[in-house]
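As provided, structure14.txt (compact mmCIF, C-alpha atoms and all ligand atoms) reads as follows.
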# COMPACT_ATOMS: atom_id res chain seq x y z
CA MET R 144 83.76 2.58 -29.06
CA SER R 145 82.49 0.58 -26.15
CA ILE R 146 83.45 -1.68 -23.29
CA GLY R 147 80.66 -3.99 -22.18
CA GLY R 148 78.20 -1.96 -24.24
CA THR R 149 79.05 1.34 -22.52
CA GLU R 150 79.75 4.15 -24.96
CA LEU R 151 83.25 5.41 -24.16
CA HIS R 152 83.24 8.61 -26.05
CA ALA R 153 79.95 10.33 -26.51
CA PRO R 154 79.43 12.40 -29.65
CA GLY R 155 79.51 15.54 -27.56
CA PRO R 156 80.03 16.44 -23.90
CA ARG R 157 76.90 16.36 -21.74
CA HIS R 158 78.48 18.26 -18.89
CA ILE R 159 81.09 20.98 -19.31
CA ALA R 160 82.84 22.71 -16.41
CA ILE R 161 84.83 25.90 -16.89
CA ILE R 162 87.45 27.69 -14.81
CA MET R 163 86.77 31.20 -16.07
CA ASP R 164 90.26 32.65 -15.64
CA GLY R 165 92.06 35.67 -17.09
CA ASN R 166 89.78 38.63 -16.39
CA GLY R 167 92.58 40.53 -14.64
CA ARG R 168 95.08 40.07 -17.48
CA TRP R 169 92.46 40.94 -20.09
CA ALA R 170 91.82 44.23 -18.30
CA ALA R 171 95.51 44.97 -17.69
CA ARG R 172 96.27 44.58 -21.40
CA LYS R 173 93.72 47.26 -22.09
CA GLY R 174 95.05 49.49 -19.32
CA LEU R 175 91.90 48.92 -17.29
CA SER R 176 91.28 47.87 -13.69
CA PRO R 177 90.47 44.24 -12.79
CA SER R 178 86.84 45.32 -12.26
CA ALA R 179 86.46 46.03 -15.97
CA GLY R 180 87.76 42.54 -16.69
CA HIS R 181 85.31 40.93 -14.29
CA LYS R 182 82.42 42.89 -15.84
CA ALA R 183 83.42 41.79 -19.34
CA GLY R 184 83.78 38.24 -18.03
CA VAL R 185 80.25 38.12 -16.66
CA GLU R 186 78.96 39.37 -20.03
CA ARG R 187 80.28 36.21 -21.69
CA ILE R 188 78.11 33.87 -19.66
CA ARG R 189 74.76 34.52 -21.34
CA ASP R 190 75.98 33.68 -24.86
CA LEU R 191 77.95 30.73 -23.64
CA LEU R 192 74.94 29.25 -21.92
CA SER R 193 72.84 29.53 -25.11
CA ALA R 194 75.70 28.12 -27.17
CA CYS R 195 75.97 25.12 -24.82
CA LYS R 196 72.24 24.51 -25.01
CA ALA R 197 72.31 24.68 -28.80
CA ARG R 198 75.06 22.03 -28.80
CA GLY R 199 73.14 19.58 -26.64
CA VAL R 200 75.17 20.19 -23.48
CA LYS R 201 72.88 19.38 -20.55
CA ALA R 202 74.89 20.89 -17.71
CA LEU R 203 77.34 23.77 -17.49
CA THR R 204 79.30 24.33 -14.28
CA LEU R 205 81.17 27.62 -13.94
CA PHE R 206 83.87 28.38 -11.39
CA ALA R 207 83.09 31.96 -10.45
CA PHE R 208 84.78 32.44 -7.06
CA SER R 209 87.04 30.02 -5.25
CA SER R 210 87.30 29.60 -1.49
CA GLU R 211 90.79 31.12 -1.86
CA ASN R 212 89.57 34.18 -3.78
CA TRP R 213 88.67 35.88 -0.46
CA GLN R 214 92.38 36.69 -0.35
CA ARG R 215 91.94 39.24 -3.15
CA PRO R 216 91.94 42.96 -2.22
CA PRO R 217 88.68 43.86 -0.38
CA LYS R 218 87.61 46.24 -3.15
CA GLU R 219 87.88 43.50 -5.77
CA VAL R 220 86.00 41.00 -3.59
CA GLU R 221 83.27 43.59 -3.05
CA LEU R 222 82.98 44.19 -6.80
CA LEU R 223 82.80 40.44 -7.50
CA MET R 224 80.04 40.01 -4.92
CA SER R 225 78.05 42.89 -6.34
CA LEU R 226 78.44 41.53 -9.91
CA PHE R 227 77.25 38.11 -8.72
CA ASN R 228 74.25 39.70 -7.04
CA SER R 229 73.22 41.75 -10.07
CA TYR R 230 73.82 38.80 -12.42
CA LEU R 231 71.42 36.64 -10.39
CA ARG R 232 68.78 39.36 -10.21
CA LYS R 233 69.02 40.18 -13.91
CA GLU R 234 69.34 36.72 -15.42
CA ALA R 235 67.10 34.45 -13.34
CA ARG R 236 63.92 35.33 -15.22
CA ARG R 237 65.55 34.87 -18.59
CA MET R 238 66.83 31.47 -17.46
CA ARG R 239 63.35 30.47 -16.42
CA GLU R 240 62.02 31.45 -19.85
CA GLU R 241 64.70 29.30 -21.44
CA GLY R 242 64.00 26.35 -19.14
CA VAL R 243 67.38 26.55 -17.42
CA ARG R 244 67.60 25.47 -13.80
CA LEU R 245 70.17 27.40 -11.78
CA ARG R 246 72.03 26.09 -8.79
CA VAL R 247 74.85 27.61 -6.75
CA ILE R 248 77.38 25.29 -5.13
CA GLY R 249 79.80 26.24 -2.36
CA ARG R 250 79.62 27.66 1.13
CA ARG R 251 76.97 30.29 1.50
CA ASP R 252 77.46 31.42 5.05
CA ARG R 253 80.27 33.85 4.20
CA PHE R 254 78.07 35.78 1.75
CA SER R 255 76.03 38.78 2.87
CA PRO R 256 72.39 38.05 3.80
CA ARG R 257 71.37 40.05 0.72
CA LEU R 258 73.44 37.89 -1.60
CA GLN R 259 72.23 34.72 0.13
CA ARG R 260 68.67 35.87 -0.54
CA ALA R 261 69.42 36.62 -4.19
CA ILE R 262 70.85 33.10 -4.59
CA ALA R 263 67.84 31.46 -2.95
CA GLU R 264 65.42 33.51 -5.06
CA ALA R 265 67.20 32.77 -8.34
CA GLU R 266 67.24 29.05 -7.53
CA ASP R 267 63.59 29.22 -6.63
CA ILE R 268 62.52 31.07 -9.78
CA THR R 269 64.33 28.57 -12.02
CA ARG R 270 63.47 25.41 -10.07
CA GLU R 271 61.18 23.93 -12.73
CA GLY R 272 63.72 24.32 -15.56
CA ALA R 273 64.02 21.03 -17.44
CA GLU R 274 66.05 22.03 -20.52
CA GLY R 275 69.44 22.30 -18.88
CA ASP R 276 71.37 23.05 -15.69
CA LEU R 277 73.61 26.00 -14.95
CA ILE R 278 75.71 25.51 -11.86
CA ILE R 279 77.70 28.38 -10.43
CA ALA R 280 80.51 27.45 -8.07
CA ALA R 281 80.96 30.37 -5.68
CA ASP R 282 82.97 30.26 -2.46
CA TYR R 283 83.58 26.74 -3.66
CA GLY R 284 86.63 24.58 -3.11
CA GLY R 285 87.08 20.95 -4.13
CA ARG R 286 88.63 20.16 -0.75
CA TRP R 287 85.72 21.79 1.04
CA ASP R 288 83.33 19.70 -1.04
CA ILE R 289 85.01 16.43 -0.04
CA ALA R 290 85.30 17.57 3.59
CA GLN R 291 81.60 18.45 3.85
CA ALA R 292 80.71 15.03 2.40
CA ALA R 293 82.97 13.33 4.96
CA ARG R 294 81.46 15.40 7.77
CA ARG R 295 77.88 14.44 6.83
CA LEU R 296 78.81 10.78 6.61
CA ALA R 297 80.61 10.95 9.97
CA GLN R 298 77.48 12.48 11.49
CA GLU R 299 75.38 9.57 10.22
CA VAL R 300 77.85 7.12 11.78
CA ALA R 301 77.73 9.08 15.06
CA ASP R 302 73.92 9.00 14.92
CA GLY R 303 74.01 5.25 14.47
CA THR R 304 72.25 5.33 11.09
CA ARG R 305 75.32 4.26 9.10
CA SER R 306 78.19 1.84 9.58
CA PRO R 307 81.77 2.85 8.67
CA GLU R 308 81.92 -0.20 6.37
CA SER R 309 79.08 1.17 4.26
CA ILE R 310 81.18 4.18 3.22
CA THR R 311 82.34 3.31 -0.27
CA GLU R 312 83.38 5.42 -3.27
CA ASP R 313 79.84 5.21 -4.58
CA VAL R 314 78.39 6.44 -1.30
CA LEU R 315 80.88 9.29 -0.87
CA GLY R 316 80.28 10.21 -4.51
CA LYS R 317 76.65 10.81 -3.67
CA TYR R 318 77.55 13.31 -0.96
CA VAL R 319 79.73 15.60 -3.05
CA ARG R 320 78.15 18.29 -5.21
CA LEU R 321 76.91 17.68 -8.79
CA GLN R 322 76.17 14.04 -7.92
CA ASP R 323 72.76 14.13 -9.61
CA LEU R 324 74.12 15.41 -12.94
CA PRO R 325 75.93 13.61 -15.76
CA PRO R 326 79.68 13.33 -14.97
CA VAL R 327 81.83 16.29 -16.02
CA ASP R 328 83.00 15.20 -19.47
CA LEU R 329 85.03 18.26 -20.35
CA LEU R 330 86.86 20.66 -18.05
CA ILE R 331 88.03 23.88 -19.69
CA ARG R 332 90.41 26.47 -18.25
CA SER R 333 91.03 29.73 -20.02
CA SER R 334 94.03 32.09 -19.75
CA GLY R 335 96.88 29.63 -20.18
CA GLU R 336 97.14 28.38 -16.59
CA GLN R 337 97.27 24.61 -16.40
CA ARG R 338 96.11 23.81 -12.91
CA ILE R 339 92.88 22.96 -11.14
CA SER R 340 93.10 25.63 -8.39
CA ASN R 341 90.96 23.58 -5.99
CA PHE R 342 87.99 23.29 -8.37
CA ILE R 343 86.10 19.96 -8.64
CA LEU R 344 88.63 17.38 -7.41
CA TRP R 345 86.47 14.32 -6.89
CA GLN R 346 84.24 14.94 -9.91
CA ALA R 347 87.08 15.54 -12.38
CA ALA R 348 88.63 12.08 -11.87
CA TYR R 349 87.91 11.14 -15.50
CA SER R 350 87.13 14.51 -17.08
CA GLU R 351 88.94 15.49 -20.26
CA PHE R 352 90.99 18.68 -19.67
CA TYR R 353 91.21 21.46 -22.22
CA PHE R 354 93.47 24.47 -21.74
CA THR R 355 93.43 27.55 -23.90
CA ASP R 356 95.51 30.75 -23.79
CA THR R 357 92.41 32.78 -24.60
CA LEU R 358 91.49 35.07 -21.70
CA TRP R 359 88.01 34.55 -20.30
CA PRO R 360 86.41 37.79 -21.60
CA ASP R 361 87.46 36.71 -25.13
CA PHE R 362 86.09 33.18 -24.78
CA ASP R 363 83.29 33.04 -27.36
CA GLU R 364 81.27 30.48 -29.26
CA ALA R 365 84.14 29.75 -31.64
CA GLU R 366 86.37 28.97 -28.63
CA LEU R 367 83.71 26.66 -27.26
CA ASP R 368 83.55 24.85 -30.59
CA LYS R 369 87.32 24.40 -30.58
CA ALA R 370 87.16 22.85 -27.12
CA ILE R 371 84.31 20.54 -28.08
CA ALA R 372 86.02 19.53 -31.33
CA GLU R 373 89.15 18.60 -29.39
CA TYR R 374 87.05 16.70 -26.86
CA GLU R 375 85.46 14.66 -29.63
CA LEU R 376 88.91 13.53 -30.77
CA ARG R 377 89.85 12.27 -27.34
CA ASP R 378 89.90 8.58 -26.64
CA ARG R 379 88.22 8.05 -23.29
CA ARG R 380 89.46 4.77 -21.90
CA PHE R 381 88.56 4.99 -18.20
CA GLY R 382 91.41 2.63 -17.46
CA GLY R 383 90.28 0.06 -20.02
CA ARG R 384 91.56 -0.75 -23.49
CA ALA R 385 90.49 1.15 -26.57
CA GLU R 386 89.11 -0.72 -29.56
CA GLY R 387 91.91 -1.66 -31.95
CA ASP R 388 94.10 -2.46 -28.96
CA ASP R 389 93.03 -6.10 -29.34
CA ALA R 390 96.55 -7.25 -30.13
CA ILE R 391 97.75 -5.79 -26.85
CA ALA R 392 94.69 -7.09 -25.02
CA GLN R 393 95.44 -10.64 -26.18
CA ALA R 394 99.13 -10.43 -25.49
C1 LIG Y 401 89.19 35.04 -12.94
O1 LIG Y 401 89.98 36.09 -13.39
C2 LIG Y 401 88.05 35.53 -12.06
C3 LIG Y 401 88.18 35.18 -10.65
C4 LIG Y 401 89.12 34.49 -10.11
C5 LIG Y 401 87.13 35.66 -9.78
P1 LIG Y 401 91.26 36.59 -12.61
O2 LIG Y 401 90.91 37.82 -11.84
O3 LIG Y 401 91.86 35.51 -11.82
O4 LIG Y 401 92.20 36.97 -13.83
P2 LIG Y 401 93.78 36.91 -13.84
O5 LIG Y 401 94.18 35.50 -13.53
O6 LIG Y 401 94.27 37.88 -12.81
O7 LIG Y 401 94.14 37.33 -15.23
C1 LIG Y 402 90.58 30.11 -10.19
O1 LIG Y 402 91.29 31.21 -10.68
C2 LIG Y 402 89.27 30.56 -9.65
C3 LIG Y 402 88.32 31.09 -10.61
C4 LIG Y 402 88.49 31.24 -11.89
C5 LIG Y 402 87.06 31.46 -10.05
P1 LIG Y 402 92.43 31.94 -9.83
O2 LIG Y 402 92.92 33.05 -10.67
O3 LIG Y 402 91.90 32.29 -8.49
O4 LIG Y 402 93.49 30.78 -9.65
P2 LIG Y 402 95.07 30.83 -9.38
O5 LIG Y 402 95.28 31.77 -8.23
O6 LIG Y 402 95.70 31.36 -10.62
O7 LIG Y 402 95.45 29.42 -9.11
MG MG Y 403 93.34 34.15 -12.25

Give the structure from this file in structure tokens form.
Amino acid sequence: MSIGGTELHAPGPRHIAIIMDGNGRWAARKGLSPSAGHKAGVERIRDLLSACKARGVKALTLFAFSSENWQRPPKEVELLMSLFNSYLRKEARRMREEGVRLRVIGRRDRFSPRLQRAIAEAEDITREGAEGDLIIAADYGGRWDIAQAARRLAQEVADGTRSPESITEDVLGKYVRLQDLPPVDLLIRSSGEQRISNFILWQAAYSEFYFTDTLWPDFDEAELDKAIAEYELRDRRFGGRAEGDDAIAQA
């Protein structure tokens, strides 16, 4: 279906974003600590990345740690940071072999110098990857993202290199993260919660949302296929009229 020649629903999503939620409940159901849930959750990522690649998905953005997750108990935060660090150190080489380019979005200044180095190294090792993008949102918040874009634009106005009138949606859209990737077609949240929890706010304006009760450590290839199948049934109108709505259009 198309409006002005633009394909409205692609055969499959090019960019999927996932709020990986439910590690704590997964662990609690097994009588384990949240740490065990987070470990199991990280284990899912490798398979999911390959599954996405095999299905022609060009970019996968994962919400790993929100700017609000610092409020968790210090021990849990520490464990999450150490899992992030070891994930980057272990997986970067494999990603390079598979042609995956890794990028981390979010604030970095609140991470330890060691973790900041691990992030920079992993990004560096995978820089040439041309087969697909893996984006990890860590210490990320959608409001932060929009605020940092506004701050950079304000700086340009203060420097005299930009006029306030030049700040349009298109321009602001180039200052938020993920701007160089295809738009997020499909946004998945596991664990039954139906909220965005300050994930990509600007970028999700026209994403299709998919919620599943499955807890993140149980989210496998079959779950991904269910989400994609549902996505393919969606009618993406972007505010326009779908084909077959001609009667209404002419009314
Ligand atoms: C998601 O799992 C992981 C992070 C937020 C880091 P949770 O730890 O939020 O799992 P639940 O929501 O308690 O089950
Ligand atoms: C959102 O999950 C953040 C991540 C999955 C990284 P939360 O578990 O932190 O979200 P709330 O607290 O249920 O909204
Ligand atoms: Mg949660």

Considering all atoms listed in the file, state which residue in the set R:Arg305, R:Arg253, R:Arg239, R:Lys218 is at the smallest distance from Glu271 of chain R.
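Between R:Arg305, R:Arg253, R:Arg239, R:Lys218, the residue approaching Glu271 of chain R most closely is R:Arg239.
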
Taking all atoms listed in the file into account, which of R:Gln346, R:Trp169, R:Ile310, R:Leu367 comes nearest Gln322 of chain R?
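Among the listed residues, R:Gln346 lies closest to Gln322 of chain R.
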
Which of these residues is nearest to Ala183 of chain R, using only C-alpha atoms: R:Ala348, R:Leu226, R:Val314, R:Leu296?
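Looking only at the distances to Ala183 of chain R, the closest residue turns out to be R:Leu226.
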
Distance atom CA of Met163 of chain R-atom CA of Trp345 of chain R, one decimal place?
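Result for atom CA of Met163 of chain R versus atom CA of Trp345 of chain R: 19.2 Å, one decimal.
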
Find the distance between atom CA of Phe254 of chain R and atom CA of Lys201 of chain R and write it in Å to one decimal.
28.2 Å

May I have the protein, DNA and RNA residues with an atom at most 8 Å from (89.4, 27.3, -4.6), counting all atoms listed in the file in the file's coordinates, returned as a count of residues only?
12

Restricting the calculation to all atoms listed in the file, which member of R:Trp287, R:Phe354, R:Trp359, R:Phe381 is positioned closest to ligand LIG 401 (chain Y)?
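Among the listed residues, R:Trp359 lies closest to ligand LIG 401 (chain Y).
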
Pick out the closest residue to Val200 of chain R from this set: R:Ala290, R:Leu315, R:Leu258, R:Ile159. Count only C-alpha atoms.
R:Ile159

Report as a PyMOL selection string which protein, DNA and RNA residues come within 12 Å of ligand MG 403 (chain Y), using all atoms listed in the file.
chain R and resi 162-170+177+180-181+184+206-209+211-212+215+332-340+358-359

Would you list the contacts of Glu266 of chain R as an mmCIF file with C-alpha atoms, in the coordinates of the input, taking every protein, DNA or RNA residue within 9 Å and counting only C-alpha atoms, but skipping same-chain residues closer than 6 positions in sequence?
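Printed below is selection-v5.cif as written:
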data_model
loop_
_atom_site.group_PDB
_atom_site.id
_atom_site.type_symbol
_atom_site.label_atom_id
_atom_site.label_comp_id
_atom_site.auth_asym_id
_atom_site.auth_seq_id
_atom_site.Cartn_x
_atom_site.Cartn_y
_atom_site.Cartn_z
ATOM 1 C CA ALA R 235 67.100 34.450 -13.340
ATOM 2 C CA ARG R 244 67.600 25.470 -13.800
ATOM 3 C CA LEU R 245 70.170 27.400 -11.780
ATOM 4 C CA ARG R 246 72.030 26.090 -8.790
ATOM 5 C CA VAL R 247 74.850 27.610 -6.750
#

So which residues touch Lys233 of chain R within 12 Å, counting all atoms listed in the file, skipping near sequence neighbours fewer than 2 positions away, as a list in words?
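In the requested form, the answer reads Val185, Glu186, Arg189, Leu226, Phe227, Asn228, Ser229, Tyr230, Leu231, Ala235, Arg236, Arg237, Met238, Arg239, Ala261, Ile262, Glu264, Ala265 and Ile268 of chain R.
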
Okay, now the selection with C-alpha atoms, as a JSON list (two decimals), in the frame of the given file?
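Okay, result.json is ready:
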[["chain", "number", "residue", "atom", "x", "y", "z"],
["R", 185, "VAL", "CA", 80.25, 38.12, -16.66],
["R", 186, "GLU", "CA", 78.96, 39.37, -20.03],
["R", 189, "ARG", "CA", 74.76, 34.52, -21.34],
["R", 226, "LEU", "CA", 78.44, 41.53, -9.91],
["R", 227, "PHE", "CA", 77.25, 38.11, -8.72],
["R", 228, "ASN", "CA", 74.25, 39.70, -7.04],
["R", 229, "SER", "CA", 73.22, 41.75, -10.07],
["R", 230, "TYR", "CA", 73.82, 38.80, -12.42],
["R", 231, "LEU", "CA", 71.42, 36.64, -10.39],
["R", 235, "ALA", "CA", 67.10, 34.45, -13.34],
["R", 236, "ARG", "CA", 63.92, 35.33, -15.22],
["R", 237, "ARG", "CA", 65.55, 34.87, -18.59],
["R", 238, "MET", "CA", 66.83, 31.47, -17.46],
["R", 239, "ARG", "CA", 63.35, 30.47, -16.42],
["R", 261, "ALA", "CA", 69.42, 36.62, -4.19],
["R", 262, "ILE", "CA", 70.85, 33.10, -4.59],
["R", 264, "GLU", "CA", 65.42, 33.51, -5.06],
["R", 265, "ALA", "CA", 67.20, 32.77, -8.34],
["R", 268, "ILE", "CA", 62.52, 31.07, -9.78]]

Atom CA of Ile289 of chain R to atom O5 of ligand LIG 402 (chain Y), distance in Å rounded to a single decimal:
20.2 Å

Which residue is closest to ligand LIG 402 (chain Y)? Choose from R:Ile371, R:Thr204, R:Arg377, R:Ser306 and count all atoms listed in the file.
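Result for the nearest residue to ligand LIG 402 (chain Y): R:Thr204.
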